[in-house]
Structures are given as structure tokens and as C-alpha cells.
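start34.cif follows; it contains mmCIF, C-alpha atoms and all ligand atoms.
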data_final
loop_
_atom_site.label_atom_id
_atom_site.label_comp_id
_atom_site.auth_asym_id
_atom_site.auth_seq_id
_atom_site.Cartn_x
_atom_site.Cartn_y
_atom_site.Cartn_z
CA MET A 24 71.96 247.04 104.60
CA ARG A 25 69.99 246.36 101.47
CA ILE A 26 71.43 246.74 98.00
CA SER A 27 68.94 246.81 95.17
CA VAL A 28 70.20 246.41 91.64
CA PHE A 29 68.17 247.56 88.65
CA ARG A 30 68.61 246.80 84.97
CA ASP A 31 68.73 250.47 84.23
CA SER A 32 69.06 253.60 86.27
CA VAL A 33 65.58 254.94 85.44
CA ASN A 34 63.99 252.22 87.59
CA ALA A 35 66.45 252.97 90.40
CA ASP A 36 65.47 256.64 90.12
CA ARG A 37 61.77 255.78 90.24
CA VAL A 38 62.23 253.74 93.40
CA GLY A 39 64.38 256.49 94.95
CA ALA A 40 61.75 259.13 94.17
CA SER A 41 59.00 256.86 95.52
CA ILE A 42 60.84 256.39 98.81
CA LEU A 43 61.27 260.17 99.22
CA LEU A 44 57.65 260.69 98.29
CA LYS A 45 56.56 258.23 100.95
CA GLU A 46 58.36 260.34 103.60
CA ILE A 47 56.79 263.52 102.20
CA ARG A 48 53.30 262.05 102.27
CA GLU A 49 53.47 260.32 105.62
CA LYS A 50 55.36 262.78 107.83
CA LEU A 51 53.96 265.97 109.29
CA ASN A 52 57.19 267.93 108.81
CA PRO A 53 59.59 265.72 106.91
CA LYS A 54 63.25 266.65 107.04
CA LEU A 55 65.11 265.61 103.92
CA GLY A 56 68.90 265.55 103.65
CA LEU A 57 69.67 266.22 99.99
CA ALA A 58 72.67 265.70 97.73
CA THR A 59 73.90 267.28 94.51
CA GLY A 60 76.05 265.93 91.65
CA SER A 61 74.94 263.73 88.79
CA SER A 62 73.76 260.75 90.88
CA PRO A 63 70.50 262.21 92.27
CA VAL A 64 69.47 264.13 89.12
CA GLY A 65 67.20 261.31 87.89
CA ILE A 66 65.47 261.05 91.29
CA TYR A 67 64.86 264.80 91.26
CA ARG A 68 63.49 264.57 87.70
CA GLN A 69 61.07 261.84 88.81
CA LEU A 70 60.01 263.80 91.89
CA ALA A 71 59.34 266.92 89.80
CA GLU A 72 57.31 264.78 87.38
CA LEU A 73 55.31 263.18 90.22
CA TYR A 74 54.63 266.67 91.59
CA ARG A 75 53.51 267.93 88.17
CA ARG A 76 51.12 265.02 87.72
CA ASN A 77 49.79 264.60 91.26
CA HIS A 78 50.18 268.01 92.90
CA PHE A 79 51.17 266.69 96.30
CA SER A 80 52.65 269.57 98.24
CA PHE A 81 56.17 270.22 99.51
CA LYS A 82 55.11 273.16 101.68
CA HIS A 83 55.60 271.17 104.89
CA VAL A 84 59.02 269.81 103.82
CA SER A 85 62.36 271.08 105.13
CA SER A 86 65.53 270.32 103.21
CA PHE A 87 69.15 270.32 104.34
CA ASN A 88 71.81 270.03 101.68
CA LEU A 89 75.04 268.20 102.31
CA ASP A 90 77.47 270.78 101.06
CA GLU A 91 78.40 273.93 99.16
CA TYR A 92 81.57 275.18 97.48
CA VAL A 93 83.44 277.95 99.28
CA GLY A 94 83.58 281.11 97.16
CA LEU A 95 80.44 280.44 95.10
CA SER A 96 77.35 282.54 95.79
CA GLU A 97 73.88 281.03 95.48
CA ASP A 98 73.59 282.80 92.10
CA HIS A 99 76.75 281.26 90.69
CA PRO A 100 75.57 278.73 88.07
CA GLN A 101 77.88 276.01 89.46
CA SER A 102 76.93 276.53 93.10
CA TYR A 103 75.01 273.71 94.72
CA ALA A 104 72.28 276.21 95.60
CA ALA A 105 71.80 276.91 91.87
CA PHE A 106 71.94 273.16 91.14
CA MET A 107 69.14 272.47 93.61
CA ARG A 108 67.00 275.28 92.17
CA GLU A 109 67.51 274.04 88.63
CA HIS A 110 66.96 270.33 89.24
CA LEU A 111 64.38 270.34 92.01
CA PHE A 112 63.20 273.39 93.91
CA GLN A 113 61.96 275.52 90.99
CA HIS A 114 59.66 272.66 89.98
CA LEU A 115 57.93 272.34 93.39
CA ASP A 116 56.07 274.42 95.95
CA ILE A 117 58.70 274.02 98.69
CA GLU A 118 58.90 277.16 100.89
CA PRO A 119 62.22 278.99 100.32
CA ARG A 120 62.54 279.51 104.09
CA ASN A 121 62.56 275.73 104.58
CA ILE A 122 65.53 275.23 102.23
CA HIS A 123 68.90 275.02 103.98
CA ILE A 124 72.25 275.02 102.16
CA PRO A 125 75.57 276.23 103.59
CA ASN A 126 76.43 279.75 102.42
CA GLY A 127 79.54 279.52 100.25
CA ILE A 128 80.30 283.23 100.49
CA ALA A 129 79.81 283.78 104.22
CA GLU A 130 82.33 286.29 105.56
CA SER A 131 83.76 283.58 107.78
CA ALA A 132 83.50 279.99 106.53
CA GLU A 133 84.28 278.75 110.06
CA GLU A 134 81.34 280.68 111.51
CA GLU A 135 79.12 279.44 108.69
CA CYS A 136 80.01 275.86 109.70
CA ILE A 137 78.96 276.63 113.28
CA ARG A 138 75.70 278.21 112.06
CA TYR A 139 74.87 275.24 109.81
CA GLU A 140 75.72 272.70 112.49
CA LYS A 141 73.46 274.50 114.98
CA LEU A 142 70.65 274.46 112.44
CA LEU A 143 71.08 270.70 111.94
CA GLN A 144 71.20 270.00 115.65
CA GLU A 145 68.11 272.09 116.32
CA ALA A 146 66.25 270.31 113.51
CA GLY A 147 67.01 266.90 115.04
CA PRO A 148 67.51 263.67 113.09
CA LEU A 149 66.81 263.85 109.38
CA ASP A 150 63.99 261.57 108.26
CA ILE A 151 65.95 260.50 105.22
CA GLN A 152 69.39 261.31 103.85
CA LEU A 153 69.96 260.99 100.11
CA LEU A 154 73.59 260.37 99.12
CA GLY A 155 75.81 259.89 96.10
CA ILE A 156 79.29 258.47 96.49
CA GLY A 157 82.57 259.99 95.31
CA LEU A 158 85.06 257.89 93.33
CA ASN A 159 87.27 257.99 96.44
CA GLY A 160 84.42 256.95 98.73
CA HIS A 161 83.50 260.38 100.04
CA ILE A 162 79.97 261.07 101.22
CA GLY A 163 79.00 264.72 101.27
CA PHE A 164 82.50 266.16 101.05
CA ASN A 165 83.79 264.01 103.90
CA GLU A 166 87.01 263.06 102.19
CA PRO A 167 89.05 259.92 103.01
CA GLY A 168 91.74 260.35 105.66
CA LYS A 169 92.93 259.34 109.11
CA ASN A 170 89.98 261.04 110.76
CA LEU A 171 86.42 261.94 109.97
CA SER A 172 84.51 264.81 111.48
CA SER A 173 81.02 264.33 112.81
CA GLU A 174 80.13 268.03 112.56
CA THR A 175 79.84 270.54 109.72
CA HIS A 176 83.33 271.62 108.68
CA LEU A 177 85.46 273.34 106.12
CA VAL A 178 87.20 270.88 103.84
CA THR A 179 90.01 271.13 101.32
CA LEU A 180 88.93 269.00 98.40
CA THR A 181 91.30 266.24 97.30
CA GLU A 182 92.80 266.48 93.82
CA GLU A 183 90.76 263.42 92.84
CA THR A 184 87.52 265.14 93.84
CA ARG A 185 88.54 268.37 92.06
CA ARG A 186 89.33 266.37 88.91
CA ALA A 187 85.97 264.58 89.07
CA ASN A 188 84.13 267.87 89.58
CA ALA A 189 86.06 269.81 86.92
CA ARG A 190 83.44 268.58 84.39
CA TRP A 191 80.99 271.12 85.85
CA PHE A 192 83.38 274.06 85.37
CA LEU A 193 84.46 275.67 82.11
CA LEU A 194 88.11 276.04 83.01
CA ASP A 195 90.16 273.73 85.20
CA GLY A 196 91.39 276.48 87.50
CA GLN A 197 87.79 277.44 88.29
CA THR A 198 87.04 274.24 90.22
CA PRO A 199 86.77 275.32 93.86
CA ARG A 200 89.41 274.10 96.30
CA GLN A 201 87.29 274.16 99.41
CA ALA A 202 83.79 273.34 100.50
CA ILE A 203 81.61 273.42 103.58
CA THR A 204 80.21 269.98 104.28
CA MET A 205 77.88 268.34 106.73
CA GLY A 206 79.89 265.93 108.87
CA VAL A 207 79.16 262.22 109.16
CA GLY A 208 77.15 262.77 112.39
CA PRO A 209 73.81 263.81 110.84
CA ILE A 210 74.26 261.25 108.05
CA MET A 211 74.67 258.40 110.53
CA LYS A 212 71.85 259.78 112.73
CA ALA A 213 69.39 260.05 109.82
CA LYS A 214 66.49 257.63 110.23
CA LYS A 215 67.02 256.29 106.72
CA VAL A 216 69.90 256.57 104.28
CA LEU A 217 69.39 256.15 100.55
CA LEU A 218 72.58 255.99 98.49
CA ILE A 219 72.38 255.98 94.70
CA ALA A 220 75.13 255.24 92.19
CA GLN A 221 75.20 254.54 88.48
CA GLY A 222 77.77 253.46 85.92
CA GLU A 223 80.82 251.27 85.68
CA GLU A 224 83.17 253.93 87.05
CA LYS A 225 81.47 253.63 90.46
CA SER A 226 81.72 249.82 90.57
CA SER A 227 85.10 249.61 92.36
CA ILE A 228 84.21 252.07 95.09
CA ILE A 229 80.83 250.40 95.60
CA GLN A 230 82.62 247.09 96.10
CA GLU A 231 85.13 248.69 98.48
CA ALA A 232 82.51 250.62 100.47
CA PHE A 233 80.02 247.81 100.98
CA LEU A 234 82.04 244.60 100.81
CA GLY A 235 85.32 245.97 102.18
CA PRO A 236 86.42 246.90 105.70
CA ILE A 237 84.88 249.81 107.59
CA THR A 238 87.54 252.51 107.49
CA THR A 239 87.88 256.31 107.50
CA HIS A 240 89.92 255.84 104.31
CA CYS A 241 86.62 255.02 102.59
CA PRO A 242 84.05 257.22 104.38
CA ALA A 243 81.07 255.50 102.71
CA SER A 244 82.11 252.21 104.36
CA LEU A 245 80.84 253.65 107.66
CA LEU A 246 77.36 253.30 106.24
CA GLN A 247 77.68 249.52 106.74
CA LEU A 248 76.90 250.37 110.38
CA HIS A 249 73.75 252.33 109.59
CA PRO A 250 70.65 250.42 110.74
CA ASN A 251 68.51 251.52 107.79
CA LEU A 252 70.57 251.80 104.62
CA LEU A 253 69.28 251.19 101.10
CA VAL A 254 71.73 251.32 98.18
CA LEU A 255 70.20 251.69 94.71
CA LEU A 256 72.48 250.66 91.85
CA ASP A 257 72.24 250.02 88.16
CA GLU A 258 73.87 246.85 86.86
CA ALA A 259 77.05 248.66 85.81
CA ALA A 260 77.67 250.11 89.30
CA ALA A 261 76.91 246.70 90.83
CA SER A 262 79.09 244.80 88.35
CA ARG A 263 81.84 244.07 90.88
CA LEU A 264 79.36 242.75 93.42
CA ILE A 265 78.26 240.06 91.02
CA ASP A 266 80.88 237.57 89.93
CA ASP A 267 79.45 234.75 87.85
CA SER A 268 82.66 232.74 88.05
CA GLN A 269 82.37 232.30 91.80
CA PRO A 270 79.55 231.14 94.03
CA SER A 271 79.73 234.64 95.50
CA PHE A 272 76.01 235.04 95.95
CA ARG A 273 76.47 233.34 99.30
CA ILE A 274 78.72 236.16 100.42
CA TYR A 275 75.95 238.62 99.72
CA VAL A 276 73.50 236.53 101.67
CA ASN A 277 75.94 236.42 104.59
CA LYS A 278 76.28 240.17 104.39
CA ARG A 279 72.49 240.42 104.24
CA ILE A 280 72.55 242.02 100.81
CA ASP A 281 69.34 241.39 98.98
CA PHE A 282 69.19 241.86 95.21
CA LEU A 283 65.83 242.96 93.90
CA TYR A 284 65.24 243.14 90.20
CA GLU A 285 62.43 245.33 88.98
CA PRO A 286 60.61 245.49 92.32
CA ASP A 287 56.95 246.25 92.33
CA LEU A 288 57.01 250.02 92.29
CA ARG A 289 53.42 250.29 93.47
CA GLU A 290 54.38 248.63 96.74
CA LEU A 291 57.05 251.25 97.33
CA VAL A 292 54.80 254.24 96.68
CA GLN A 293 52.00 253.07 98.95
C1 LIG B 301 77.17 266.16 96.50
C2 LIG B 301 78.06 265.36 97.31
C3 LIG B 301 79.05 264.38 96.77
C4 LIG B 301 78.56 263.61 95.53
C5 LIG B 301 79.68 262.72 94.99
C6 LIG B 301 79.24 261.99 93.74
O1 LIG B 301 76.32 266.95 97.31
O2 LIG B 301 78.00 265.53 98.47
O3 LIG B 301 79.38 263.45 97.77
O4 LIG B 301 77.45 262.84 95.87
O5 LIG B 301 80.79 263.50 94.70
O6 LIG B 301 79.06 262.90 92.71
P1 LIG B 301 78.36 262.45 91.35
O7 LIG B 301 76.97 262.10 91.70
O8 LIG B 301 78.42 263.69 90.48
O9 LIG B 301 79.15 261.31 90.83
#
Could I get this file's structure written as C-alpha cells?
Ligand code: F6R
Amino acid sequence: MRISVFRDSVNADRVGASILLKEIREKLNPKLGLATGSSPVGIYRQLAELYRRNHFSFKHVSSFNLDEYVGLSEDHPQSYAAFMREHLFQHLDIEPRNIHIPNGIAESAEEECIRYEKLLQEAGPLDIQLLGIGLNGHIGFNEPGKNLSSETHLVTLTEETRRANARWFLLDGQTPRQAITMGVGPIMKAKKVLLIAQGEEKSSIIQEAFLGPITTHCPASLLQLHPNLLVLLDEAAASRLIDDSQPSFRIYVNKRIDFLYEPDLRELVQ
């Protein structure tokens, strides 16, 4: 596990976009696992900007989104399909047939989970999985609980998640209650995992997920077991990992956490 802390989130976004770009440039048919929500928006903005300036192509890229709300069609402005179009896909030349997002209005959500899971299994391991983290430690919509599911499944969102996501909906009652989410299987099988978080409100869950015990009650803590995990944080999100009053740096060294300030971006884009 490597945790990189940046003075501001723009540099974290630049590094995140550079890492995705590296996959896109080096792989024949890169398979990207993508996330929605506010955390990856800056990375998508940087990617769109890099595309505009350099015209590298996304035609050979396949994308697999983590989740979609049940009951929202791809045209609904708050659907994750619409989010991806607005923040990333409309700015690039990715082929629509290579974009994969669960269908929130499938006649049977259960069958849609089976279809999406089959798609993921046929595609094989994702080259890179981009993640945000919920305030309760969820990744995708794998909510905390006694068990976690490795396969795509229908999930009832916790009240905490609905409250956090209510900001995207005009009226409280409009926040969906259910979602279809990728399970933790493809996330853990991805060749690389890139998790991004910003802001003070994420600092407690970042501490819990990466310095606390590995438990299904904090799904992101499972990522401690991933062999190739990079966590990109701004200083506010990392604030509980750094405690000036204690010689805690040693703990990070023991946990093999490596703090990089302002890394050389050129090295990462090569
Ligand atoms: C989104 C997703 C969620 C979000 C998480 C954080 O596809 O799967 O796990 O990453 O809820 O959301 P933000 O980034 O809005 O704080």
C-alpha cells in the first residue's frame, strides 16, 4: 500500500489522471474500472484536458462502472450513466459500445446483476480500478455489514449513504433506495487500485480504513490486502494520519506507507 499526500487536490488529480493515462497509452485494450461521485471529478477533468491538448485516443479503451441507482434510466440527470457522460465520456473518443454501466431500469434488477457479473468475468481482471470511499467506508456500493459479496448484487443503501448522496437530488425523497453494484471480487482482482479522497470529512474513514483492522464493517479496509494499491489524498483527508504530537511517522513506515509531496509528475506520465 502506498499513500501519497498532496498539498492540494489538484496535484492529486493530476497524478491520478497521469496513472490512468499511462494504462491507456501502454495497454492494447485497457480495461478501466471507473467510479462516480465527487471524488473522481477532478481526475476526469484532467483526463479530458489531456485529451483535448494531446489527442491520444480512447477508442481501444473499455470501461466498467462500479454502480448505478435502481430506478434511474441512463437519461436521468442524476444517473451515474449521465454523470459519466457529463464528466468524462462526452469529452473523449471512447466507443459507446465499450462503455459498461449497470442498467438501473432493467426489468429485473436481479437478472441485470447476473448480466453485469458475466460481462465482468468475461472481460477478465481490470487493468486499473478507480475508487472513491464513502463516509461509512463503502467502496462501490458495497456497504458495511457482517458479510460482503464478491459478485455484482442489488444493494439497499444505508441511511448514511442516502444522506450523503441527497446533495445530488433536489428533494430528499428522490434519493434512490437501491443500487446495483460491482462486488468486491473484481475490485480485489484488479491489477491496480487507485483510491482518491479529499477533504476533512473523509479523514476519519481514511484513518479507519488504512490504519485500522481489516473488517467487513469497513469495506475499504479490505484494500489493505491488495498487492498494488495507491491512495491519493489531499492534506485535509490525510490529517488523521499525521499527528505531530506523536512520533507516529514510524507507524507509517512500519505499515509501508510512503508520503510523497509534490512528486515529479513527469515521471508518472512517462
Ligand atoms: C461511486 C461509488 C461510491 C463513491 C463514494 C464516495 O461510483 O461507488 O463508492 O465513490 O460514495 O462518494 P463521493 O466521491 O461523492 O464522496
TODO: For each of A:Lys50, A:Arg185, A:His176, A:Arg30, take the minimum atom-to-atom distance to A:Leu158, counting only C-alpha atoms, then give the residue where this is smallest.
DONE: A:Arg185
Open item on the list: Ranking A:Gly60, A:Pro250, A:Pro167, A:Gly147 by minimum distance to ligand LIG 301 (chain B) and counting only C-alpha atoms and all ligand atoms, which one comes first?
Closed with: A:Gly60
Show me a table, sorted first by chain and then by increasing residue number, of the residues of chain A having an atom at most 6 Å from ligand LIG 301 (chain B), each with its shortest atom pair and the distance in Å to one decimal, counting all atoms listed in the file and written as a Markdown table.
| residue | atom | partner | partner_atom | distance |
| --- | --- | --- | --- | --- |
| A:Ala58 | CA | B:LIG301 | O1 | 3.9 |
| A:Thr59 | CA | B:LIG301 | O1 | 3.7 |
| A:Gly60 | CA | B:LIG301 | O8 | 3.5 |
| A:Ser61 | CA | B:LIG301 | O8 | 3.9 |
| A:Ser62 | CA | B:LIG301 | O7 | 3.6 |
| A:Leu89 | CA | B:LIG301 | O1 | 5.3 |
| A:Asp90 | CA | B:LIG301 | O1 | 5.5 |
| A:Leu154 | CA | B:LIG301 | O4 | 5.6 |
| A:Gly155 | CA | B:LIG301 | O4 | 3.4 |
| A:Ile156 | CA | B:LIG301 | C6 | 4.5 |
| A:Gly157 | CA | B:LIG301 | O5 | 4.0 |
| A:His161 | CA | B:LIG301 | O3 | 5.6 |
| A:Ile162 | CA | B:LIG301 | O3 | 4.2 |
| A:Gly163 | CA | B:LIG301 | O2 | 3.1 |
| A:Phe164 | CA | B:LIG301 | O2 | 5.2 |
Open item on the list: For A:Val216, find every residue with an atom within 12 Å (counting only C-alpha atoms), except residues of its own chain fewer than 4 positions away, and show them as number ranges by chain.
Closed with: A: 24-26, 39, 42-43, 55-58, 148-155, 162, 207, 209-212, 243, 245-255
For the residues in the current selection, export C-alpha atoms as a CSV table (one decimal), in the coordinates of the input.
chain,number,residue,atom,x,y,z
A,24,MET,CA,72.0,247.0,104.6
A,25,ARG,CA,70.0,246.4,101.5
A,26,ILE,CA,71.4,246.7,98.0
A,39,GLY,CA,64.4,256.5,95.0
A,42,ILE,CA,60.8,256.4,98.8
A,43,LEU,CA,61.3,260.2,99.2
A,55,LEU,CA,65.1,265.6,103.9
A,56,GLY,CA,68.9,265.6,103.6
A,57,LEU,CA,69.7,266.2,100.0
A,58,ALA,CA,72.7,265.7,97.7
A,148,PRO,CA,67.5,263.7,113.1
A,149,LEU,CA,66.8,263.8,109.4
A,150,ASP,CA,64.0,261.6,108.3
A,151,ILE,CA,66.0,260.5,105.2
A,152,GLN,CA,69.4,261.3,103.8
A,153,LEU,CA,70.0,261.0,100.1
A,154,LEU,CA,73.6,260.4,99.1
A,155,GLY,CA,75.8,259.9,96.1
A,162,ILE,CA,80.0,261.1,101.2
A,207,VAL,CA,79.2,262.2,109.2
A,209,PRO,CA,73.8,263.8,110.8
A,210,ILE,CA,74.3,261.2,108.0
A,211,MET,CA,74.7,258.4,110.5
A,212,LYS,CA,71.8,259.8,112.7
A,243,ALA,CA,81.1,255.5,102.7
A,245,LEU,CA,80.8,253.6,107.7
A,246,LEU,CA,77.4,253.3,106.2
A,247,GLN,CA,77.7,249.5,106.7
A,248,LEU,CA,76.9,250.4,110.4
A,249,HIS,CA,73.8,252.3,109.6
A,250,PRO,CA,70.6,250.4,110.7
A,251,ASN,CA,68.5,251.5,107.8
A,252,LEU,CA,70.6,251.8,104.6
A,253,LEU,CA,69.3,251.2,101.1
A,254,VAL,CA,71.7,251.3,98.2
A,255,LEU,CA,70.2,251.7,94.7
- [ ] Work out how far atom CA of A:Leu73 is from atom CA of A:Ala259, in Å to one decimal.
- [x]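 About the pair atom CA of A:Ala259 and atom CA of A:Leu73: they are 26.5 Å apart.
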Task: Interatomic distance (Å, one decimal) between atom CA of A:Asn188 and atom CA of A:Phe106 - done: 13.4 Å
Open item on the list: My list of candidates is A:Leu95, A:Leu264, A:Ile229, A:Ala71. Which is closest to A:Asp36 when distances are computed with only C-alpha atoms?
Closed with: A:Ala71
Task: Best match for closeness to A:Gln221 among A:Tyr92, A:Val84, A:Val64, A:Pro53, counting all atoms listed in the file - done: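 Checking each of A:Tyr92, A:Val84, A:Val64, A:Pro53 against A:Gln221, counting all atoms listed in the file, the winner is A:Val64.
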TODO: List the neighbours of A:His240 out to 9 Å using only C-alpha atoms; skip same-chain residues closer than 6 positions along the sequence, and give me the result as a list in words.
DONE: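 Final neighbour list, sorted by chain and number: Asn159, Gly160, His161, Glu166, Pro167, Gly168, Lys169 and Asn170 of chain A.
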Open item on the list: Report, in Å with one decimal, the straight-line distance from atom CA of A:Gly196 to atom CA of A:Gly127.
Closed with: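 Result for atom CA of A:Gly196 versus atom CA of A:Gly127: 17.7 Å, one decimal.
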With 4 Å of padding per side, what axis-aligned box (centre and edge lengths, Å, one decimal) covers all the listed atoms of stretch 195-211 of chain A? Give it as lines of an AutoDock Vina configuration file.
center_x = 82.6
center_y = 267.9
center_z = 98.8
size_x = 25.6
size_y = 27.0
size_z = 35.2
- [ ] Go through A:Ile66, A:Leu171, A:Met205, A:Leu143 one by one, measure the shortest atom-to-atom distance of each to A:Leu218 using all atoms listed in the file, and give the residue with the smallest value.
- [x]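 Under the stated criterion, the closest residue is A:Ile66.
When the distance limit is 12 Å and all atoms listed in the file are what count, the residues near A:Arg120, minus those fewer than 4 positions from it on the same chain, are Lys82, His83, Val84, Ser85, Ser86, Phe87, Phe112, Asp116 and Ile124 of chain A.
Distances from A:Glu231, A:Pro242, A:Ser226, A:Val93 to A:Ser172 were compared using all atoms listed in the file, and the smallest one belongs to A:Pro242.
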Excluding A:Asn126 and its own-chain neighbours fewer than 3 positions away, which residues fall within 10 Å of it when counting all atoms listed in the file? Please give them as a PDB file with C-alpha atoms, in the coordinates of the input.
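File written: selection.pdb
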ATOM      1  CA  ASP A  90      77.470 270.780 101.060  1.00  0.00           C
ATOM      2  CA  GLU A  91      78.400 273.930  99.160  1.00  0.00           C
ATOM      3  CA  TYR A  92      81.570 275.180  97.480  1.00  0.00           C
ATOM      4  CA  VAL A  93      83.440 277.950  99.280  1.00  0.00           C
ATOM      5  CA  GLY A  94      83.580 281.110  97.160  1.00  0.00           C
ATOM      6  CA  LEU A  95      80.440 280.440  95.100  1.00  0.00           C
ATOM      7  CA  SER A  96      77.350 282.540  95.790  1.00  0.00           C
ATOM      8  CA  GLU A  97      73.880 281.030  95.480  1.00  0.00           C
ATOM      9  CA  SER A 102      76.930 276.530  93.100  1.00  0.00           C
ATOM     10  CA  TYR A 103      75.010 273.710  94.720  1.00  0.00           C
ATOM     11  CA  ALA A 104      72.280 276.210  95.600  1.00  0.00           C
ATOM     12  CA  HIS A 123      68.900 275.020 103.980  1.00  0.00           C
ATOM     13  CA  ALA A 129      79.810 283.780 104.220  1.00  0.00           C
ATOM     14  CA  GLU A 130      82.330 286.290 105.560  1.00  0.00           C
ATOM     15  CA  SER A 131      83.760 283.580 107.780  1.00  0.00           C
ATOM     16  CA  ALA A 132      83.500 279.990 106.530  1.00  0.00           C
ATOM     17  CA  GLU A 135      79.120 279.440 108.690  1.00  0.00           C
ATOM     18  CA  CYS A 136      80.010 275.860 109.700  1.00  0.00           C
ATOM     19  CA  ARG A 138      75.700 278.210 112.060  1.00  0.00           C
ATOM     20  CA  TYR A 139      74.870 275.240 109.810  1.00  0.00           C
ATOM     21  CA  ALA A 202      83.790 273.340 100.500  1.00  0.00           C
ATOM     22  CA  ILE A 203      81.610 273.420 103.580  1.00  0.00           C
TER      23      ILE A 203
END
- [ ] Show me as a list in words the residues that reach within 12 Å of (68.1, 251.7, 82.8), counting all atoms listed in the file and using the file's own coordinates.
- [x] Val28, Phe29, Arg30, Asp31, Ser32, Val33, Asn34, Ala35, Asp36, Arg37, Gly65, Gln221, Gly222, Leu256, Asp257, Glu258, Ala259, Ala260, Tyr284 and Glu285 of chain A
